[in-house]
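One structure is given here, and the rest of the page talks about it.
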Amino acid sequence: MKEKMLMRLERDKLSHKVESLERTVKADVPKRSLPSPNQSGGKSQDKKISMTHAETNKENANEDSVLPPDDRENPFLDSEFDPPKVENMSLRKTFKAHGAAVSNICVHPRKPILGTCSDDGTWRMYSIPNGDLIMSGDGHKDWVSGMDFHPRGTHAVTGSGDGTVKIWSFSSASCTSTLRDHTQAVWSVAYHDLGDFVVSASMDHTAKLWDTATGRCQQTFRGHVDSVNHVTFQPFSNNICTASGDKTVSLWDSRSGLCIQTFYGHLNSVTCAAFSLRVGNQCDSCWLYP
């Protein structure tokens, strides 16, 4: 009882911070202009972004979103990035984020905000580098293992051990969609670069493509013979990459659901895969050492 009372007091102390963030987000969202054609790869994508969320497009809620053309250009292709000076890096801040193990983190695309999810069944947002709690979300019935921010920073998606994928709106501070089609725990989730689609990876050996406007599963990717531990989109394309417990990494076509290529070589379960933003056809993966 004492522990519950302390938790309530702590929530009361943090409530004003949540209200402040809600006001900030509501004031900020209408001011965001859509990307230029050079950033999104064409005018057709600019128009599509405005149709991203079901709550802003209720009149077309039953219409499925359409994947963008496959010939979009990567705006970062000719960009030059200075390598980080690792020797100058040092620990800046350590803070207690959750009551159980932290399973994943992600960085907000527009603001200095860190997203975290945990085995305690919650996700949270913290300001960086100070580590002040901004917002917390609970609603999953089991641990939360995956989280990603919408490209415009207005929403977040989470995946959980309860087998569901949830989409959260910051402006309403609530869950706007619960996607239920996986039969086992969801390990990883990721947004498409336009925000109209989400992919999820599950212990049920599949990955799925979801339409964020309708909540429908548009594609199921089958082929792995063990848990799919991680999923991500290839930058500025319609391809997804999966990392699996069957020791392989696979590249898939989102339109057809077919496997484009399977990469072998790992000696144990593959836990993660990531693309280079500038060189979109270069992928790195890591595996669990026994």
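Note on naming: chains are A, B, ... as they come in the structure tokens, residues start from 1 per chain, ligands start from 1 in the order shown.
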
Practice problem: Would you please extract all helix (DSSP H, G or I) residues from segment 57-212 of chain A, as assigned by DSSP on the backbone, and give them as JSON, numbers by chain? | Solution: {"A": [58, 59, 60, 86, 87, 88]}

Practice problem: Could you jot down the atom CA of Val107 of chain A to atom CA of Ser269 of chain A separation for me, Å, one decimal place? | Solution: 25.8 Å

Practice problem: For Arg110 of chain A, please output as a ChimeraX atom specification all residues within 9 Å (counting only C-alpha atoms; exclusion window: fewer than 5 positions along the same chain). | Solution: /A:151-153

Quiz item: Suppose you want the space between atom CA of Met147 of chain A and atom CA of Asn104 of chain A; what is it in Å?
Solution: 6.8 Å

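One distance worth recording is that between atom CA of Phe236 of chain A and atom CA of Thr183 of chain A, which is 29.6 Å.
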
Quiz item: Which polymer residues have any atom within 10 Å of an atom of Thr271 of chain A, counting only C-alpha atoms, with same-chain residues fewer than 2 positions away left out, as a ChimeraX atom specification?
Solution: /A:187,227-231,242-245,247-249,268-269,273,285-288

Include N, CA and C atoms and write out the residues we just selected as a short mmCIF file (atom, residue, chain, number, x, y, z; two decimals), in the first residue's frame.
data_model
loop_
_atom_site.label_atom_id
_atom_site.label_comp_id
_atom_site.auth_asym_id
_atom_site.auth_seq_id
_atom_site.Cartn_x
_atom_site.Cartn_y
_atom_site.Cartn_z
N TRP A 187 8.82 -8.38 -31.16
CA TRP A 187 10.15 -7.97 -30.72
C TRP A 187 10.53 -6.57 -31.20
N SER A 227 12.29 -17.27 -34.60
CA SER A 227 11.81 -15.94 -34.23
C SER A 227 12.45 -14.85 -35.09
N VAL A 228 11.63 -13.87 -35.51
CA VAL A 228 12.16 -12.69 -36.22
C VAL A 228 12.43 -11.63 -35.14
N ASN A 229 13.70 -11.36 -34.90
CA ASN A 229 14.10 -10.54 -33.76
C ASN A 229 14.14 -9.04 -34.04
N HIS A 230 14.30 -8.68 -35.31
CA HIS A 230 14.43 -7.25 -35.62
C HIS A 230 13.95 -7.01 -37.05
N VAL A 231 13.41 -5.81 -37.28
CA VAL A 231 12.96 -5.44 -38.62
C VAL A 231 13.22 -3.95 -38.83
N THR A 242 14.99 -8.11 -42.26
CA THR A 242 14.68 -8.82 -41.02
C THR A 242 15.90 -9.58 -40.52
N ALA A 243 16.05 -9.65 -39.20
CA ALA A 243 17.10 -10.43 -38.56
C ALA A 243 16.43 -11.50 -37.72
N SER A 244 16.89 -12.73 -37.82
CA SER A 244 16.14 -13.84 -37.24
C SER A 244 16.99 -14.75 -36.36
N GLY A 245 16.27 -15.50 -35.52
CA GLY A 245 16.92 -16.50 -34.69
C GLY A 245 17.41 -17.69 -35.48
N LYS A 247 19.59 -17.52 -37.69
CA LYS A 247 20.96 -17.15 -38.05
C LYS A 247 21.06 -16.46 -39.41
N THR A 248 19.94 -16.00 -39.95
CA THR A 248 19.95 -15.35 -41.26
C THR A 248 19.42 -13.93 -41.20
N VAL A 249 19.78 -13.16 -42.23
CA VAL A 249 19.24 -11.82 -42.46
C VAL A 249 18.58 -11.85 -43.84
N ASN A 268 25.02 -17.76 -34.91
CA ASN A 268 23.99 -17.84 -33.88
C ASN A 268 22.87 -16.86 -34.23
N SER A 269 21.91 -16.75 -33.34
CA SER A 269 20.75 -15.89 -33.56
C SER A 269 21.15 -14.46 -33.88
N ALA A 273 19.67 -5.57 -37.26
CA ALA A 273 20.18 -5.21 -38.59
C ALA A 273 19.94 -3.72 -38.79
N SER A 285 24.73 -6.20 -39.51
CA SER A 285 23.95 -7.00 -38.59
C SER A 285 24.83 -7.47 -37.45
N CYS A 286 24.19 -7.83 -36.32
CA CYS A 286 24.94 -8.34 -35.18
C CYS A 286 24.22 -9.57 -34.66
N TRP A 287 24.96 -10.41 -33.95
CA TRP A 287 24.39 -11.68 -33.52
C TRP A 287 24.73 -11.91 -32.06
N LEU A 288 23.99 -12.86 -31.45
CA LEU A 288 24.15 -13.19 -30.05
C LEU A 288 25.24 -14.22 -29.88
#

Quiz item: Hey, what's within 8 Å of Gln261 of chain A if we count only C-alpha atoms and toss same-chain stuff fewer than 3 positions away? As an MDAnalysis selection string, please?
Solution: chainID A and resid 250:252

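Look at Thr212 of chain A: the protein and nucleic acid residues within 6 Å of it, using only C-alpha atoms and passing over chain neighbours fewer than 2 places away, are Asp196, Phe197, Thr214 and Gly215 of chain A.
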
Quiz item: Nearest to Cys106 of chain A among A:Ala201, A:Ala173, A:Val189, A:Leu67, with distances taken over only C-alpha atoms: which residue is it?
Solution: A:Val189

Exercise. Write out as a ChimeraX atom specification all residues of segment 142-279 of chain A that backbone DSSP assigns to strand (DSSP E or B).
Key: /A:144-149,155-160,164-169,174-180,186-191,197-202,206-211,217-222,228-233,239-244,249-253,259-263,270-275

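Of the residues listed (A:Ser177, A:Thr122, A:Val198, A:Ser127), A:Val198 shows the shortest atom-to-atom separation from His150 of chain A; distances use only C-alpha atoms.
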